[in-house]
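Structure record follows, encoded as structure tokens.
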Amino acid sequence: MAKHVGVKLPEDLVNLLKRKKTVAILATFSEKGVPNTTPVQCIYPKGDESLLLTIHKEHTGYKNMVWQKKIMLCFLGEGNVAYSVLGRAGVVRAPSMVHPLMNVVRIDTIDIKSDRSILTRVDQGVLWSYTAAEAEELISSLFKELEDLAKTL
């Protein structure tokens with residue numbers, strides 16, 4: 001059974017996000033009620049109760065979040081990190097200063113629940129690597145933008 005932990009981002013989740021190697025699953029709904037899930041890699045904590053992420057402006061998940069505002073993010077990572085974050089989305093920069101097709105979104109937490117199981121533990125989350133040097137440069141630049149915004153926004 002899930003345990004609600006409030007609106008403050010748990011320390012183990014913040015630490016996982018600051019490593020910049022995790023994938024969150026963004027869940028949204030369309031205007032017609034059709035669910036959509038989107039893997040999101042560029043996501044960074046902003047304070048104790050917000051997250052910043054980048055997403056392509058034409059992605060279905062982005063269009064849904066602009067319309068719906070409420071979203072859910074699922075995180076699984078090494079060290080038995082397992083959380084679902086219910087949040088309210090708002091666009092803070094469109095386009096991103098790094099790439100004209102990427103937008104920056106702030107997620108303010110509404111509720112966070114721990115999804116840890118008493119029967120199993122998460123030993124690692126989704127692992128990913130860069131497909132090219134250009135991809136590494138882009139993602140590194142997007143993370144830098146999120147880090148800077150986290151300090152100034």
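For the structure tokens, the naming scheme is as follows: chains receive sequential letters (A, B, ...) according to their order of presentation, residues are indexed from 1 within each chain, and ligands are indexed from 1 in presentation order.
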
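Omitting range 6-18 of chain A and its sequence neighbours fewer than 6 positions away, and counting only C-alpha atoms, the residues within 7 Å are Ile43, Tyr44, Pro45, Asp48, Glu49, Val81, Thr109, Ile110, Asp111 and Ile112 of chain A.
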
Per residue of range 27-52 of chain A within 10 Å of range 83-102 of chain A, record the nearest atom pair and its distance in Å to one decimal, counting only C-alpha atoms, with rows in chain order and ascending residue number, as a tab-separated table.
```
residue	atom	partner	partner_atom	distance
A:Ala27	CA	A:Leu86	CA	9.6
A:Glu49	CA	A:Gly87	CA	9.5
A:Ser50	CA	A:Gly87	CA	8.5
A:Leu51	CA	A:Gly87	CA	9.1
A:Leu52	CA	A:Val92	CA	8.9
```

Restricting it to N, CA and C atoms, dump the selection as a compact mmCIF listing (two decimals), in the first residue's frame.
```txt
# COMPACT_ATOMS: atom_id res chain seq x y z
N ALA A 27 3.07 11.01 -16.87
CA ALA A 27 1.74 10.55 -17.26
C ALA A 27 0.81 11.76 -17.38
N GLU A 49 9.83 21.70 -3.19
CA GLU A 49 8.48 21.34 -3.61
C GLU A 49 8.22 21.53 -5.10
N SER A 50 9.28 21.62 -5.90
CA SER A 50 9.11 21.81 -7.35
C SER A 50 10.17 21.05 -8.13
N LEU A 51 9.86 20.79 -9.37
CA LEU A 51 10.78 20.18 -10.32
C LEU A 51 10.77 21.01 -11.59
N LEU A 52 11.89 21.00 -12.30
CA LEU A 52 11.98 21.61 -13.62
C LEU A 52 12.30 20.51 -14.61
```

For this session: From chain A, collect each residue whose DSSP state is helix (DSSP H, G or I) and return the set as a ChimeraX atom specification.
Result: /A:11-18,60-68,133-152

Output of the above residues as a JSON list (two decimals), in the first residue's frame, restricted to N, CA and C atoms:
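Final output, out17.json:
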```
[["chain", "number", "residue", "atom", "x", "y", "z"],
["A", 11, "GLU", "N", 14.62, 13.36, 0.26],
["A", 11, "GLU", "CA", 16.05, 13.56, 0.07],
["A", 11, "GLU", "C", 16.65, 12.55, -0.91],
["A", 12, "ASP", "N", 16.23, 11.28, -0.82],
["A", 12, "ASP", "CA", 16.80, 10.28, -1.72],
["A", 12, "ASP", "C", 16.39, 10.53, -3.18],
["A", 13, "LEU", "N", 15.21, 11.08, -3.40],
["A", 13, "LEU", "CA", 14.78, 11.43, -4.75],
["A", 13, "LEU", "C", 15.57, 12.63, -5.26],
["A", 14, "VAL", "N", 15.76, 13.64, -4.45],
["A", 14, "VAL", "CA", 16.55, 14.82, -4.83],
["A", 14, "VAL", "C", 17.96, 14.39, -5.21],
["A", 15, "ASN", "N", 18.58, 13.54, -4.41],
["A", 15, "ASN", "CA", 19.93, 13.06, -4.70],
["A", 15, "ASN", "C", 19.99, 12.30, -6.02],
["A", 16, "LEU", "N", 18.98, 11.48, -6.28],
["A", 16, "LEU", "CA", 18.91, 10.74, -7.53],
["A", 16, "LEU", "C", 18.81, 11.70, -8.71],
["A", 17, "LEU", "N", 17.97, 12.71, -8.61],
["A", 17, "LEU", "CA", 17.78, 13.66, -9.70],
["A", 17, "LEU", "C", 19.03, 14.50, -9.96],
["A", 18, "LYS", "N", 19.75, 14.83, -8.91],
["A", 18, "LYS", "CA", 20.96, 15.65, -9.07],
["A", 18, "LYS", "C", 22.09, 14.90, -9.76],
["A", 60, "THR", "N", 3.22, 14.91, -27.42],
["A", 60, "THR", "CA", 1.87, 14.75, -26.90],
["A", 60, "THR", "C", 1.81, 15.03, -25.40],
["A", 61, "GLY", "N", 2.81, 14.56, -24.66],
["A", 61, "GLY", "CA", 2.84, 14.81, -23.22],
["A", 61, "GLY", "C", 2.88, 16.29, -22.90],
["A", 62, "TYR", "N", 3.63, 17.06, -23.68],
["A", 62, "TYR", "CA", 3.69, 18.51, -23.47],
["A", 62, "TYR", "C", 2.34, 19.16, -23.77],
["A", 63, "LYS", "N", 1.76, 18.81, -24.90],
["A", 63, "LYS", "CA", 0.45, 19.38, -25.27],
["A", 63, "LYS", "C", -0.60, 19.06, -24.21],
["A", 64, "ASN", "N", -0.57, 17.82, -23.70],
["A", 64, "ASN", "CA", -1.53, 17.43, -22.66],
["A", 64, "ASN", "C", -1.31, 18.23, -21.38],
["A", 65, "MET", "N", -0.05, 18.41, -21.00],
["A", 65, "MET", "CA", 0.22, 19.10, -19.73],
["A", 65, "MET", "C", -0.14, 20.58, -19.82],
["A", 66, "VAL", "N", 0.00, 21.18, -21.00],
["A", 66, "VAL", "CA", -0.40, 22.58, -21.17],
["A", 66, "VAL", "C", -1.91, 22.71, -21.03],
["A", 67, "TRP", "N", -2.64, 21.75, -21.57],
["A", 67, "TRP", "CA", -4.10, 21.78, -21.49],
["A", 67, "TRP", "C", -4.59, 21.37, -20.10],
["A", 68, "GLN", "N", -4.11, 20.27, -19.56],
["A", 68, "GLN", "CA", -4.62, 19.65, -18.35],
["A", 68, "GLN", "C", -4.04, 20.25, -17.08],
["A", 133, "ALA", "N", 27.91, 12.30, -29.60],
["A", 133, "ALA", "CA", 28.52, 13.41, -28.86],
["A", 133, "ALA", "C", 27.60, 14.63, -28.86],
["A", 134, "GLU", "N", 26.89, 14.84, -29.96],
["A", 134, "GLU", "CA", 25.96, 15.97, -30.05],
["A", 134, "GLU", "C", 24.82, 15.82, -29.05],
["A", 135, "ALA", "N", 24.35, 14.59, -28.85],
["A", 135, "ALA", "CA", 23.28, 14.34, -27.88],
["A", 135, "ALA", "C", 23.77, 14.65, -26.46],
["A", 136, "GLU", "N", 25.00, 14.24, -26.16],
["A", 136, "GLU", "CA", 25.56, 14.53, -24.85],
["A", 136, "GLU", "C", 25.68, 16.03, -24.63],
["A", 137, "GLU", "N", 26.12, 16.75, -25.66],
["A", 137, "GLU", "CA", 26.25, 18.21, -25.55],
["A", 137, "GLU", "C", 24.89, 18.87, -25.32],
["A", 138, "LEU", "N", 23.88, 18.43, -26.06],
["A", 138, "LEU", "CA", 22.53, 18.99, -25.91],
["A", 138, "LEU", "C", 21.97, 18.73, -24.52],
["A", 139, "ILE", "N", 22.03, 17.48, -24.08],
["A", 139, "ILE", "CA", 21.46, 17.13, -22.78],
["A", 139, "ILE", "C", 22.23, 17.82, -21.65],
["A", 140, "SER", "N", 23.53, 17.89, -21.75],
["A", 140, "SER", "CA", 24.33, 18.60, -20.74],
["A", 140, "SER", "C", 23.94, 20.08, -20.68],
["A", 141, "SER", "N", 23.72, 20.68, -21.84],
["A", 141, "SER", "CA", 23.32, 22.09, -21.89],
["A", 141, "SER", "C", 21.92, 22.30, -21.33],
["A", 142, "LEU", "N", 21.02, 21.37, -21.61],
["A", 142, "LEU", "CA", 19.66, 21.46, -21.06],
["A", 142, "LEU", "C", 19.69, 21.34, -19.53],
["A", 143, "PHE", "N", 20.49, 20.41, -19.01],
["A", 143, "PHE", "CA", 20.61, 20.28, -17.55],
["A", 143, "PHE", "C", 21.19, 21.55, -16.94],
["A", 144, "LYS", "N", 22.17, 22.16, -17.60],
["A", 144, "LYS", "CA", 22.76, 23.41, -17.11],
["A", 144, "LYS", "C", 21.70, 24.50, -17.03],
["A", 145, "GLU", "N", 20.86, 24.57, -18.05],
["A", 145, "GLU", "CA", 19.76, 25.54, -18.05],
["A", 145, "GLU", "C", 18.82, 25.29, -16.87],
["A", 146, "LEU", "N", 18.48, 24.04, -16.62],
["A", 146, "LEU", "CA", 17.59, 23.71, -15.49],
["A", 146, "LEU", "C", 18.24, 24.06, -14.17],
["A", 147, "GLU", "N", 19.52, 23.73, -14.01],
["A", 147, "GLU", "CA", 20.23, 24.08, -12.77],
["A", 147, "GLU", "C", 20.24, 25.59, -12.54],
["A", 148, "ASP", "N", 20.52, 26.35, -13.58],
["A", 148, "ASP", "CA", 20.54, 27.81, -13.44],
["A", 148, "ASP", "C", 19.16, 28.33, -13.09],
["A", 149, "LEU", "N", 18.12, 27.83, -13.76],
["A", 149, "LEU", "CA", 16.76, 28.25, -13.45],
["A", 149, "LEU", "C", 16.36, 27.88, -12.02],
["A", 150, "ALA", "N", 16.80, 26.72, -11.56],
["A", 150, "ALA", "CA", 16.49, 26.29, -10.19],
["A", 150, "ALA", "C", 17.00, 27.27, -9.17],
["A", 151, "LYS", "N", 18.09, 27.96, -9.48],
["A", 151, "LYS", "CA", 18.67, 28.94, -8.55],
["A", 151, "LYS", "C", 18.02, 30.31, -8.65],
["A", 152, "THR", "N", 17.53, 30.65, -9.84],
["A", 152, "THR", "CA", 17.07, 32.02, -10.07],
["A", 152, "THR", "C", 15.56, 32.19, -10.18]]
```

Seminar exercise, completed: For Gln124 in chain A, the closest of A:Lys69, A:Val40, A:Leu153, A:Lys21 counting only C-alpha atoms is A:Lys21

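Residue nearest Gln41 in chain A within the list A:Arg121, A:Val126, A:Lys113, A:Glu58: A:Val126 [criterion: smallest interatomic distance, only C-alpha atoms].
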